[in-house]
$ cat input-v4.txt   # compact mmCIF, C-alpha atoms
# COMPACT_ATOMS: atom_id res chain seq x y z
CA MET K 1 -7.86 24.11 7.64
CA ARG K 2 -5.22 22.39 5.51
CA GLU K 3 -3.39 24.73 3.17
CA THR K 4 -2.80 23.39 -0.32
CA LYS K 5 -1.48 25.04 -3.44
CA ARG K 6 -3.73 25.44 -6.45
CA ALA K 7 -2.89 23.33 -9.47
CA VAL K 8 -4.24 22.99 -12.99
CA LEU K 9 -4.14 20.14 -15.48
CA ILE K 10 -3.90 21.46 -19.05
CA LEU K 11 -4.51 19.10 -21.97
CA ALA K 12 -2.94 19.59 -25.38
CA ASP K 13 -6.31 20.54 -26.86
CA GLY K 14 -6.59 23.44 -24.41
CA THR K 15 -9.00 21.80 -21.95
CA LYS K 16 -8.26 22.73 -18.33
CA PHE K 17 -9.11 21.06 -15.02
CA GLU K 18 -8.39 23.03 -11.84
CA GLY K 19 -7.49 21.29 -8.60
CA LYS K 20 -5.08 21.19 -5.66
CA SER K 21 -1.59 19.84 -5.11
CA PHE K 22 -0.90 16.94 -2.72
CA GLY K 23 2.47 15.55 -3.83
CA TYR K 24 5.77 17.09 -4.86
CA GLU K 25 5.26 20.74 -5.70
CA ALA K 26 6.66 20.98 -9.21
CA SER K 27 5.08 21.21 -12.63
CA ALA K 28 5.06 18.04 -14.75
CA SER K 29 4.11 16.91 -18.25
CA GLY K 30 3.48 13.67 -20.09
CA GLU K 31 0.82 11.58 -21.83
CA VAL K 32 -2.46 11.66 -19.89
CA VAL K 33 -4.03 8.19 -19.53
CA PHE K 34 -6.70 6.77 -17.22
CA ASN K 35 -6.87 3.59 -15.14
CA THR K 36 -10.23 2.21 -13.94
CA ALA K 37 -8.81 -0.04 -11.18
CA MET K 38 -10.25 0.44 -7.69
CA THR K 39 -7.01 -0.46 -5.86
CA GLY K 40 -3.31 -0.89 -6.55
CA TYR K 41 -1.93 2.65 -6.86
CA PRO K 42 1.48 1.67 -5.34
CA GLU K 43 1.86 -1.06 -7.98
CA SER K 44 0.63 1.17 -10.80
CA LEU K 45 2.92 4.05 -9.88
CA THR K 46 5.96 1.73 -9.94
CA ASP K 47 4.93 -0.15 -13.10
CA PRO K 48 7.57 0.69 -15.77
CA SER K 49 4.81 0.58 -18.39
CA TYR K 50 3.65 3.99 -17.07
CA GLU K 51 6.99 5.64 -17.83
CA GLY K 52 6.41 9.17 -19.11
CA GLN K 53 2.68 9.21 -18.37
CA ILE K 54 0.32 11.20 -16.17
CA LEU K 55 -1.96 8.65 -14.51
CA VAL K 56 -5.63 9.51 -13.95
CA THR K 57 -7.34 7.28 -11.36
CA THR K 58 -11.07 6.91 -12.00
CA PHE K 59 -11.81 5.47 -8.54
CA PRO K 60 -12.78 8.60 -6.58
CA LEU K 61 -10.57 8.08 -3.50
CA LEU K 62 -6.78 7.87 -3.47
CA GLY K 63 -4.30 7.39 -0.66
CA ASN K 64 -6.64 5.83 1.92
CA TYR K 65 -4.40 2.82 2.58
CA GLY K 66 -1.05 4.55 2.37
CA VAL K 67 2.10 2.98 0.93
CA PRO K 68 3.92 -0.22 1.96
CA PRO K 69 7.37 0.00 3.59
CA ALA K 70 10.64 0.44 1.74
CA ASP K 71 11.86 -2.80 0.22
CA SER K 72 13.99 -5.07 2.36
CA ARG K 73 15.78 -6.44 -0.71
CA GLU K 74 17.22 -3.77 -2.96
CA PHE K 75 17.46 -6.01 -6.03
CA LEU K 76 13.81 -7.09 -6.05
CA SER K 77 10.89 -5.27 -4.48
CA ASP K 78 8.82 -7.13 -1.89
CA TYR K 79 5.63 -5.16 -2.52
CA LEU K 80 6.10 -2.88 -5.53
CA GLU K 81 6.78 -3.42 -9.24
CA ASP K 82 10.08 -1.55 -9.40
CA SER K 83 12.47 0.30 -7.14
CA HIS K 84 11.02 3.73 -7.98
CA ILE K 85 7.96 5.51 -9.39
CA HIS K 86 7.69 5.68 -13.18
CA CYS K 87 4.59 7.86 -13.60
CA ARG K 88 5.32 11.55 -14.11
CA ALA K 89 2.27 12.54 -12.08
CA ILE K 90 -0.98 11.16 -10.65
CA VAL K 91 -4.46 12.69 -10.79
CA ALA K 92 -7.33 11.96 -8.36
CA GLN K 93 -10.79 13.21 -7.53
CA ASP K 94 -10.20 13.10 -3.77
CA TYR K 95 -7.12 12.48 -1.65
CA SER K 96 -7.27 10.95 1.84
CA TRP K 97 -4.85 12.78 4.12
CA GLN K 98 -5.35 10.05 6.74
CA HIS K 99 -4.36 6.52 5.73
CA SER K 100 -4.93 3.21 7.48
CA HIS K 101 -3.49 -0.20 6.60
CA TRP K 102 -1.58 -2.79 8.62
CA LEU K 103 1.28 -2.76 6.10
CA ALA K 104 1.53 1.00 5.50
CA ASP K 105 4.39 3.00 6.99
CA ARG K 106 3.93 6.31 5.14
CA SER K 107 1.37 8.33 3.25
CA LEU K 108 1.06 8.49 -0.51
CA SER K 109 1.78 12.24 -0.37
CA ASP K 110 5.03 11.67 1.56
CA TRP K 111 6.08 9.00 -0.94
CA LEU K 112 5.41 11.28 -3.91
CA LYS K 113 7.40 14.06 -2.29
CA SER K 114 10.36 11.76 -1.59
CA GLU K 115 10.46 10.70 -5.26
CA LYS K 116 9.65 14.19 -6.60
CA ILE K 117 6.42 13.13 -8.29
CA THR K 118 3.56 15.59 -8.75
CA GLY K 119 0.08 14.83 -7.42
CA ILE K 120 -3.16 16.73 -8.05
CA TYR K 121 -6.63 16.15 -6.58
CA ASP K 122 -10.04 17.84 -6.43
CA ILE K 123 -10.33 17.12 -10.16
CA ASP K 124 -13.55 15.95 -11.82
CA THR K 125 -11.96 12.69 -12.98
CA ARG K 126 -15.28 11.45 -14.39
CA ALA K 127 -15.42 14.38 -16.80
CA LEU K 128 -11.70 14.04 -17.53
CA THR K 129 -12.02 10.33 -18.29
CA LYS K 130 -15.02 10.88 -20.57
CA HIS K 131 -13.00 13.53 -22.42
CA LEU K 132 -10.09 11.10 -22.91
CA ARG K 133 -12.43 8.31 -24.02
CA GLU K 134 -13.99 10.56 -26.65
CA ASN K 135 -10.78 12.21 -27.85
CA GLY K 136 -8.15 9.61 -26.99
CA SER K 137 -5.12 9.74 -24.73
CA MET K 138 -3.38 13.07 -25.19
CA LEU K 139 -0.47 15.09 -23.95
CA GLY K 140 -0.95 17.19 -20.85
CA LYS K 141 0.84 19.14 -18.16
CA ILE K 142 0.21 20.01 -14.52
CA ILE K 143 1.15 23.52 -13.41
CA ILE K 144 1.46 24.06 -9.66
CA GLU K 145 0.82 27.52 -8.18
CA GLY K 146 4.12 29.41 -7.91
CA CYS K 147 6.01 26.93 -10.11
CA ASP K 148 7.37 27.44 -13.61
CA ASP K 149 5.46 26.40 -16.69
CA VAL K 150 6.69 23.35 -18.63
CA ASP K 151 6.45 22.23 -22.23
CA PHE K 152 4.27 19.33 -23.34
CA TYR K 153 6.20 16.05 -23.42
CA ASN K 154 5.43 13.12 -25.73
CA PRO K 155 6.92 9.90 -24.34
CA ASN K 156 5.96 7.95 -27.46
CA LEU K 157 8.75 9.71 -29.36
CA GLU K 158 11.43 8.18 -27.12
CA ASN K 159 12.79 4.68 -26.62
CA LEU K 160 11.14 4.08 -23.25
CA VAL K 161 12.04 0.39 -23.38
CA GLY K 162 15.72 1.32 -23.39
CA MET K 163 15.16 3.84 -20.60
CA THR K 164 13.49 1.34 -18.24
CA SER K 165 15.42 -1.83 -19.06
CA SER K 166 18.29 -3.04 -16.88
CA SER K 167 21.84 -2.46 -18.07
CA GLY K 168 23.39 -5.69 -16.81
CA VAL K 169 22.75 -9.42 -16.61
CA THR K 170 21.33 -10.73 -13.32
CA LEU K 171 20.56 -14.25 -12.12
CA TYR K 172 17.55 -14.73 -9.81
CA ASP K 173 17.08 -17.95 -7.88
CA THR K 174 15.36 -19.09 -4.70
CA ASP K 175 17.25 -20.46 -1.69
CA THR K 176 16.15 -23.33 0.55
CA ASP K 177 13.90 -20.95 2.52
CA GLY K 178 12.14 -19.77 -0.62
CA HIS K 179 13.77 -16.32 -0.62
CA ILE K 180 14.73 -14.87 -4.00
CA ASN K 181 18.42 -14.04 -4.28
CA ALA K 182 20.20 -12.20 -7.09
CA VAL K 183 23.70 -12.44 -8.52
CA CYS K 184 25.15 -10.05 -11.10
CA LEU K 185 26.71 -11.93 -14.01
CA ASP K 186 29.33 -10.94 -16.55
CA ASN K 187 27.56 -9.35 -19.52
CA GLU K 188 30.05 -10.81 -21.98
CA ASN K 189 30.24 -14.29 -20.45
CA PRO K 190 27.08 -14.73 -18.38
CA ASP K 191 27.77 -18.25 -17.12
CA ALA K 192 25.08 -18.99 -14.55
CA GLY K 193 26.80 -22.18 -13.41
CA LYS K 194 25.38 -25.67 -13.29
CA SER K 195 22.05 -26.40 -11.65
CA ASP K 196 19.33 -29.04 -11.64
CA LYS K 197 16.82 -26.26 -12.27
CA LYS K 198 15.67 -25.09 -15.68
CA THR K 199 16.96 -21.68 -16.80
CA VAL K 200 14.67 -19.02 -18.26
CA VAL K 201 16.11 -15.96 -20.00
CA LEU K 202 13.98 -12.91 -19.21
CA VAL K 203 14.32 -10.12 -21.77
CA ASP K 204 13.84 -6.95 -19.71
CA CYS K 205 11.81 -4.42 -21.71
CA GLY K 206 10.70 -2.68 -18.50
CA VAL K 207 9.83 -5.73 -16.43
CA LYS K 208 7.45 -5.78 -13.47
CA HIS K 209 8.99 -7.48 -10.44
CA ASN K 210 6.03 -9.83 -10.05
CA ILE K 211 7.00 -11.56 -13.30
CA ILE K 212 10.29 -12.54 -11.65
CA ARG K 213 8.43 -13.66 -8.52
CA CYS K 214 5.96 -15.76 -10.58
CA LEU K 215 8.76 -17.49 -12.49
CA THR K 216 11.15 -18.21 -9.61
CA ARG K 217 8.48 -19.61 -7.29
CA ARG K 218 7.73 -22.16 -10.00
CA GLY K 219 11.18 -23.64 -9.56
CA VAL K 220 13.20 -22.09 -12.39
CA ARG K 221 16.21 -19.83 -12.43
CA VAL K 222 15.77 -16.51 -14.18
CA VAL K 223 18.56 -14.77 -16.11
CA ARG K 224 17.44 -11.17 -16.67
CA VAL K 225 19.09 -9.52 -19.68
CA PRO K 226 18.79 -5.99 -21.17
CA TRP K 227 16.30 -5.34 -23.97
CA ASP K 228 18.96 -5.27 -26.70
CA TYR K 229 21.07 -8.17 -25.40
CA ASP K 230 21.76 -11.01 -27.85
CA PHE K 231 20.38 -13.87 -25.76
CA ASN K 232 20.84 -16.35 -28.63
CA ARG K 233 24.50 -16.76 -27.72
CA ILE K 234 23.82 -18.16 -24.24
CA ALA K 235 22.28 -21.44 -23.06
CA TYR K 236 18.72 -21.44 -21.76
CA ASP K 237 15.67 -23.70 -21.58
CA GLY K 238 13.01 -21.07 -22.21
CA LEU K 239 12.71 -17.44 -23.29
CA PHE K 240 10.41 -14.86 -21.68
CA ILE K 241 9.80 -11.35 -23.07
CA SER K 242 8.55 -8.87 -20.47
CA ASN K 243 6.13 -6.00 -20.43
CA GLY K 244 7.38 -2.48 -21.07
CA PRO K 245 6.42 1.11 -21.89
CA GLY K 246 5.94 3.13 -25.02
CA ASN K 247 6.13 2.43 -28.73
CA PRO K 248 7.30 -1.12 -29.61
CA ASP K 249 8.88 0.16 -32.84
CA PHE K 250 11.81 1.44 -30.75
CA ALA K 251 12.66 -2.11 -29.62
CA GLU K 252 13.85 -3.27 -33.03
CA ALA K 253 16.98 -4.82 -31.48
CA THR K 254 14.77 -7.12 -29.42
CA VAL K 255 12.72 -8.03 -32.50
CA THR K 256 15.87 -8.89 -34.45
CA ASN K 257 17.06 -11.25 -31.71
CA LEU K 258 13.58 -12.77 -31.44
CA ARG K 259 13.49 -13.56 -35.16
CA ARG K 260 16.59 -15.72 -34.71
CA ALA K 261 15.02 -17.45 -31.70
CA LEU K 262 11.91 -18.25 -33.74
CA ASP K 263 14.06 -20.42 -36.02
CA GLY K 264 14.54 -22.78 -33.07
CA ASP K 265 12.04 -24.67 -30.97
CA ARG K 266 12.79 -23.64 -27.39
CA PRO K 267 9.64 -22.34 -25.60
CA ILE K 268 8.95 -18.60 -25.84
CA CYS K 269 6.41 -16.59 -23.86
CA GLY K 270 5.67 -12.86 -23.88
CA ILE K 271 3.59 -10.49 -21.77
CA CYS K 272 2.15 -7.13 -22.89
CA MET K 273 5.06 -5.49 -24.75
CA GLY K 274 6.33 -9.05 -25.14
CA ASN K 275 3.17 -9.92 -27.08
CA GLN K 276 3.73 -7.02 -29.46
CA LEU K 277 7.43 -7.75 -29.97
CA LEU K 278 6.78 -11.45 -30.59
CA ALA K 279 4.13 -10.50 -33.15
CA LYS K 280 6.52 -8.07 -34.87
CA ALA K 281 9.20 -10.77 -34.99
CA ALA K 282 6.68 -13.11 -36.61
CA GLY K 283 5.85 -10.45 -39.21
CA ALA K 284 2.63 -8.87 -37.87
CA LYS K 285 1.89 -5.16 -37.52
CA ILE K 286 1.26 -3.04 -34.41
CA TYR K 287 -0.97 0.02 -34.04
CA LYS K 288 -1.76 2.58 -31.34
CA LEU K 289 -5.08 2.32 -29.53
CA LYS K 290 -7.29 5.38 -29.06
CA TYR K 291 -6.95 5.41 -25.27
CA GLY K 292 -5.47 2.01 -24.42
CA HIS K 293 -6.47 -0.61 -21.87
CA ARG K 294 -5.56 0.19 -18.27
CA SER K 295 -7.62 -1.52 -15.59
CA HIS K 296 -8.20 -4.65 -13.52
CA ASN K 297 -11.44 -5.63 -15.24
CA GLN K 298 -10.75 -6.25 -18.94
CA PRO K 299 -12.63 -9.39 -20.12
CA VAL K 300 -10.82 -11.63 -22.62
CA ARG K 301 -11.87 -14.88 -24.29
CA ARG K 302 -9.58 -17.74 -25.23
CA VAL K 303 -10.01 -18.15 -28.98
CA GLY K 304 -11.78 -21.35 -29.96
CA THR K 305 -13.51 -21.65 -26.58
CA ASP K 306 -16.28 -20.01 -24.59
CA THR K 307 -13.91 -19.50 -21.65
CA CYS K 308 -13.49 -15.89 -20.52
CA PHE K 309 -11.16 -14.35 -17.96
CA VAL K 310 -11.03 -11.07 -16.10
CA THR K 311 -7.59 -9.55 -16.65
CA SER K 312 -5.31 -6.72 -15.57
CA GLN K 313 -3.97 -4.60 -18.43
CA ASN K 314 -1.75 -1.61 -19.09
CA HIS K 315 -0.93 -0.88 -22.72
CA GLY K 316 -1.48 1.73 -25.41
CA PHE K 317 -0.56 -0.35 -28.48
CA ALA K 318 -2.04 -3.56 -29.88
CA VAL K 319 -1.33 -6.32 -32.41
CA ASP K 320 -3.27 -6.29 -35.68
CA SER K 321 -4.55 -9.89 -35.78
CA ASN K 322 -5.32 -9.57 -39.50
CA THR K 323 -1.61 -9.26 -40.24
CA LEU K 324 -0.49 -12.44 -38.44
CA PRO K 325 1.42 -14.58 -40.97
CA GLU K 326 0.82 -18.23 -41.81
CA GLY K 327 1.58 -20.50 -38.87
CA TRP K 328 0.36 -17.99 -36.26
CA GLU K 329 -3.10 -17.35 -34.81
CA PRO K 330 -4.78 -15.23 -32.11
CA LEU K 331 -4.80 -16.82 -28.66
CA PHE K 332 -7.06 -14.38 -26.80
CA VAL K 333 -9.45 -11.63 -27.87
CA ASN K 334 -10.76 -8.62 -25.90
CA MET K 335 -14.51 -8.94 -25.28
CA ASN K 336 -15.02 -5.17 -25.11
CA ASP K 337 -13.55 -4.05 -28.40
CA GLY K 338 -12.40 -7.19 -30.20
CA THR K 339 -8.70 -6.29 -30.13
CA ASN K 340 -5.95 -8.87 -29.94
CA GLU K 341 -5.03 -10.14 -26.47
CA GLY K 342 -2.46 -12.78 -27.35
CA ILE K 343 -0.96 -14.92 -30.10
CA ARG K 344 0.47 -18.42 -30.52
CA HIS K 345 2.33 -20.48 -33.06
CA ILE K 346 0.34 -23.41 -34.43
CA THR K 347 3.12 -26.01 -34.18
CA LYS K 348 5.93 -24.53 -32.05
CA PRO K 349 5.88 -23.76 -28.28
CA PHE K 350 5.57 -19.98 -28.76
CA PHE K 351 2.73 -17.94 -27.20
CA SER K 352 2.06 -14.59 -25.57
CA ALA K 353 -0.59 -12.53 -23.78
CA GLN K 354 -1.34 -8.82 -24.13
CA PHE K 355 -2.73 -8.71 -20.58
CA HIS K 356 -0.82 -9.29 -17.32
CA PRO K 357 -1.08 -12.86 -15.93
CA GLU K 358 1.12 -11.80 -13.00
CA ALA K 359 -1.53 -9.11 -12.38
CA SER K 360 -0.05 -7.35 -9.40
CA SER K 361 -2.20 -5.88 -7.86
CA GLY K 362 -4.79 -8.26 -9.29
CA PRO K 363 -6.81 -10.13 -10.47
CA LYS K 364 -4.97 -13.48 -10.65
CA ASP K 365 -7.38 -15.35 -12.93
CA THR K 366 -4.76 -15.99 -15.64
CA GLU K 367 -1.63 -16.73 -13.61
CA PHE K 368 -1.95 -20.31 -14.88
CA LEU K 369 -0.23 -19.12 -18.08
CA PHE K 370 3.06 -19.24 -16.16
CA ASP K 371 2.33 -22.90 -15.41
CA GLU K 372 1.66 -23.55 -19.10
CA PHE K 373 4.98 -21.94 -20.01
CA ILE K 374 6.94 -23.87 -17.36
CA SER K 375 5.36 -27.15 -18.50
CA LEU K 376 6.87 -26.61 -21.96
CA LEU K 377 10.47 -26.36 -20.70

$ encode --input "input-v4.txt" --output "C-alpha cells"
Amino acid sequence: MRETKRAVLILADGTKFEGKSFGYEASASGEVVFNTAMTGYPESLTDPSYEGQILVTTFPLLGNYGVPPADSREFLSDYLEDSHIHCRAIVAQDYSWQHSHWLADRSLSDWLKSEKITGIYDIDTRALTKHLRENGSMLGKIIIEGCDDVDFYNPNLENLVGMTSSSGVTLYDTDTDGHINAVCLDNENPDAGKSDKKTVVLVDCGVKHNIIRCLTRRGVRVVRVPWDYDFNRIAYDGLFISNGPGNPDFAEATVTNLRRALDGDRPICGICMGNQLLAKAAGAKIYKLKYGHRSHNQPVRRVGTDTCFVTSQNHGFAVDSNTLPEGWEPLFVNMNDGTNEGIRHITKPFFSAQFHPEASSGPKDTEFLFDEFISLL
C-alpha cells in the first residue's frame, strides 16, 4: 500500500477539495485555472503563460506517459516550452504511479519533486471545474499534511511578463544540419552580423520555445530581446511579439515601443499576449475573462469566411473588438463565446492571433500563420 500525505485545495471563497500529495511536499498558492486538454502536461507545466497559477487538469488521468529527458541544449528546450516549470502546482483526479512512453526517462512525480512543485490528486476535478466555470478563476492554496499554511497569492497584481522574460539579447539560427544554435549578443550594440537570411526580432514577453523553433525552421534568424527592450533602434526585417503570462497592463514599456513600430511598415505579428499588446498599441482596450481559455479544442473562425480552425489556447485576458480604432479589424473570432481571437491592420502588414499557432503540444491546424508572416518579410 503506497503511503501518501493528505492534502487539501482551499479556494478563496472557502470551498475545499481534499486529496493526496504526489509531488513536492510543500504548501503552494496561486490563481486556480483549468485546462481541458487530454495530453501535453509537460508542455503546459513549462509554459511561461502559467506563471503564478495552480493548474487543474480536467482529463482524469495524469502522469501515465512520464516526462521527456532533460534537454540536450541548455539554451533551447528540445521537448519542453521553457527550461523549468512555471505552474505553482498541478491538480489531478488520478495520478498514474507507473508511466510508459518510449521518450520518458522519469516520472511526473520525480520531476515535480526536483523542481519543488506541489502536486495533488484524488480530487473531484469535474466538480472543481464546474465551480470555476460558474464562479470564475479564483485564488487558491494547497496545504500538505504536516506543512505550514500559506497566504493566498494573486499573480495578476505582479508584472509576470517582466518575471518570465529574458534579460539579455540572443541570436538563434540554424546550422547546415538544421540544428538551432544560440549566440548571446551585446544588449547595447546587438549587431547580429551580416547574413543572407531575414532577421526577425522576437519580443520575449514569456516566450514558448516552440515559437523560436517555428520561426527558425522557416529560414529566418531570430533575435530575442527582453520585453522592455527598445527594438526600434536595431535593424530587422520583421517583428514578432510573443505569448506571456498575467495582466497585459504591466507591459506598458512593450506597448510604447510597439506604438513607434506601428508608424513604420515592417511586418508585425503577435501571439496570445502579443495580440493583446498589439491591440493596446493600436488603441484598443483589454479585459479579463471570467475563467479564460485553456485547452486544445477552442474553435475559431476567420472573420469574413466560413473557415474554422481548432486551436490551442492559454490566456485569461482578451481584446475588446468594439474598441479597435479605425484602420484595424478583427481577424479571428471564438466560436464558443464570440470573443476576439486576433486582429489585423487593413492596409499595413500587421496581424496577430490570440490562440497559439505553434500549439505545442497540439493541434497544429493554424501553424500556417507563421508562413503568412514569413511571406511578408

$ residues_around --input "input-v4.txt" --residues "region 89-103 of chain K" --least-positions-apart "3" --cutoff "9 Å" --atoms "all atoms listed in the file" --output "mmCIF file with C-alpha atoms, in the frame of the given file"
data_model
loop_
_atom_site.group_PDB
_atom_site.id
_atom_site.type_symbol
_atom_site.label_atom_id
_atom_site.label_comp_id
_atom_site.auth_asym_id
_atom_site.auth_seq_id
_atom_site.Cartn_x
_atom_site.Cartn_y
_atom_site.Cartn_z
ATOM 1 C CA LEU K 9 -4.140 20.140 -15.480
ATOM 2 C CA GLY K 19 -7.490 21.290 -8.600
ATOM 3 C CA PHE K 22 -0.900 16.940 -2.720
ATOM 4 C CA GLY K 23 2.470 15.550 -3.830
ATOM 5 C CA ALA K 28 5.060 18.040 -14.750
ATOM 6 C CA SER K 29 4.110 16.910 -18.250
ATOM 7 C CA GLY K 30 3.480 13.670 -20.090
ATOM 8 C CA LEU K 45 2.920 4.050 -9.880
ATOM 9 C CA GLY K 52 6.410 9.170 -19.110
ATOM 10 C CA GLN K 53 2.680 9.210 -18.370
ATOM 11 C CA ILE K 54 0.320 11.200 -16.170
ATOM 12 C CA LEU K 55 -1.960 8.650 -14.510
ATOM 13 C CA VAL K 56 -5.630 9.510 -13.950
ATOM 14 C CA THR K 57 -7.340 7.280 -11.360
ATOM 15 C CA THR K 58 -11.070 6.910 -12.000
ATOM 16 C CA PHE K 59 -11.810 5.470 -8.540
ATOM 17 C CA PRO K 60 -12.780 8.600 -6.580
ATOM 18 C CA LEU K 61 -10.570 8.080 -3.500
ATOM 19 C CA LEU K 62 -6.780 7.870 -3.470
ATOM 20 C CA GLY K 63 -4.300 7.390 -0.660
ATOM 21 C CA ASN K 64 -6.640 5.830 1.920
ATOM 22 C CA TYR K 65 -4.400 2.820 2.580
ATOM 23 C CA GLY K 66 -1.050 4.550 2.370
ATOM 24 C CA VAL K 67 2.100 2.980 0.930
ATOM 25 C CA PRO K 68 3.920 -0.220 1.960
ATOM 26 C CA PRO K 69 7.370 0.000 3.590
ATOM 27 C CA HIS K 86 7.690 5.680 -13.180
ATOM 28 C CA ARG K 106 3.930 6.310 5.140
ATOM 29 C CA SER K 107 1.370 8.330 3.250
ATOM 30 C CA LEU K 108 1.060 8.490 -0.510
ATOM 31 C CA SER K 109 1.780 12.240 -0.370
ATOM 32 C CA LEU K 112 5.410 11.280 -3.910
ATOM 33 C CA ILE K 117 6.420 13.130 -8.290
ATOM 34 C CA THR K 118 3.560 15.590 -8.750
ATOM 35 C CA GLY K 119 0.080 14.830 -7.420
ATOM 36 C CA ILE K 120 -3.160 16.730 -8.050
ATOM 37 C CA TYR K 121 -6.630 16.150 -6.580
ATOM 38 C CA ASP K 122 -10.040 17.840 -6.430
ATOM 39 C CA ILE K 123 -10.330 17.120 -10.160
ATOM 40 C CA ASP K 124 -13.550 15.950 -11.820
ATOM 41 C CA THR K 125 -11.960 12.690 -12.980
ATOM 42 C CA ARG K 126 -15.280 11.450 -14.390
ATOM 43 C CA ILE K 142 0.210 20.010 -14.520
#

$ atom_distance --input "input-v4.txt" --atom1 "CA of Thr347 (chain K)" --atom2 "CA of Ser321 (chain K)"
17.9 Å

$ closest_residue --input "input-v4.txt" --among "K:Cys87, K:Met138, K:Val310, K:Leu185" --to "Asn156 (chain K)" --atoms "all atoms listed in the file"
K:Met138

$ closest_residue --input "input-v4.txt" --among "K:Gly283, K:Pro330, K:Gly270, K:Gly146" --to "Ser352 (chain K)" --atoms "all atoms listed in the file"
K:Gly270

$ axis_aligned_box --input "input-v4.txt" --around "region 30-46 of chain K" --padding-each-side "6 Å" --output "AutoDock Vina command-line options"
--center_x -2.1 --center_y 6.3 --center_z -13.6 --size_x 28.2 --size_y 26.7 --size_z 28.5

$ closest_residue --input "input-v4.txt" --among "K:Cys147, K:Ile212, K:Ile85, K:Ile374" --to "Lys116 (chain K)" --atoms "all atoms listed in the file"
K:Ile85

$ closest_residue --input "input-v4.txt" --among "K:Ala318, K:Leu278, K:Leu160, K:Leu132" --to "Phe350 (chain K)" --atoms "all atoms listed in the file"
K:Leu278

$ build_atoms --input "input-v4.txt" --residues "region 271-276 of chain K" --atoms "all heavy atoms" --output "CSV table (one decimal), in the frame of the given file"
chain,number,residue,atom,x,y,z
K,271,ILE,N,4.7,-11.2,-22.5
K,271,ILE,CA,3.6,-10.5,-21.8
K,271,ILE,C,3.6,-9.0,-22.2
K,271,ILE,O,4.6,-8.4,-22.2
K,271,ILE,CB,3.8,-10.6,-20.2
K,271,ILE,CG1,3.4,-12.0,-19.7
K,271,ILE,CG2,2.9,-9.6,-19.5
K,271,ILE,CD1,3.6,-12.1,-18.2
K,272,CYS,N,2.4,-8.5,-22.6
K,272,CYS,CA,2.2,-7.1,-22.9
K,272,CYS,C,3.1,-6.6,-24.0
K,272,CYS,O,2.9,-7.0,-25.2
K,272,CYS,CB,2.3,-6.3,-21.6
K,272,CYS,SG,1.5,-4.6,-21.8
K,273,MET,N,4.1,-5.9,-23.7
K,273,MET,CA,5.1,-5.5,-24.8
K,273,MET,C,5.6,-6.7,-25.4
K,273,MET,O,5.9,-6.8,-26.6
K,273,MET,CB,6.2,-4.6,-24.1
K,273,MET,CG,7.3,-4.3,-25.1
K,273,MET,SD,6.9,-3.2,-26.5
K,273,MET,CE,6.7,-1.6,-25.6
K,274,GLY,N,5.8,-7.8,-24.6
K,274,GLY,CA,6.3,-9.0,-25.1
K,274,GLY,C,5.4,-9.6,-26.2
K,274,GLY,O,5.9,-10.3,-27.2
K,275,ASN,N,4.1,-9.5,-26.1
K,275,ASN,CA,3.2,-9.9,-27.1
K,275,ASN,C,3.4,-9.2,-28.4
K,275,ASN,O,3.4,-9.7,-29.5
K,275,ASN,CB,1.7,-9.7,-26.6
K,275,ASN,CG,0.7,-10.2,-27.6
K,275,ASN,OD1,0.6,-11.3,-28.0
K,275,ASN,ND2,-0.2,-9.2,-28.0
K,276,GLN,N,3.6,-7.9,-28.3
K,276,GLN,CA,3.7,-7.0,-29.5
K,276,GLN,C,5.1,-7.3,-30.2
K,276,GLN,O,5.1,-7.4,-31.4
K,276,GLN,CB,3.6,-5.6,-29.1
K,276,GLN,CG,2.3,-5.2,-28.5
K,276,GLN,CD,2.3,-3.9,-27.7
K,276,GLN,OE1,3.2,-3.0,-28.0
K,276,GLN,NE2,1.3,-3.7,-26.8
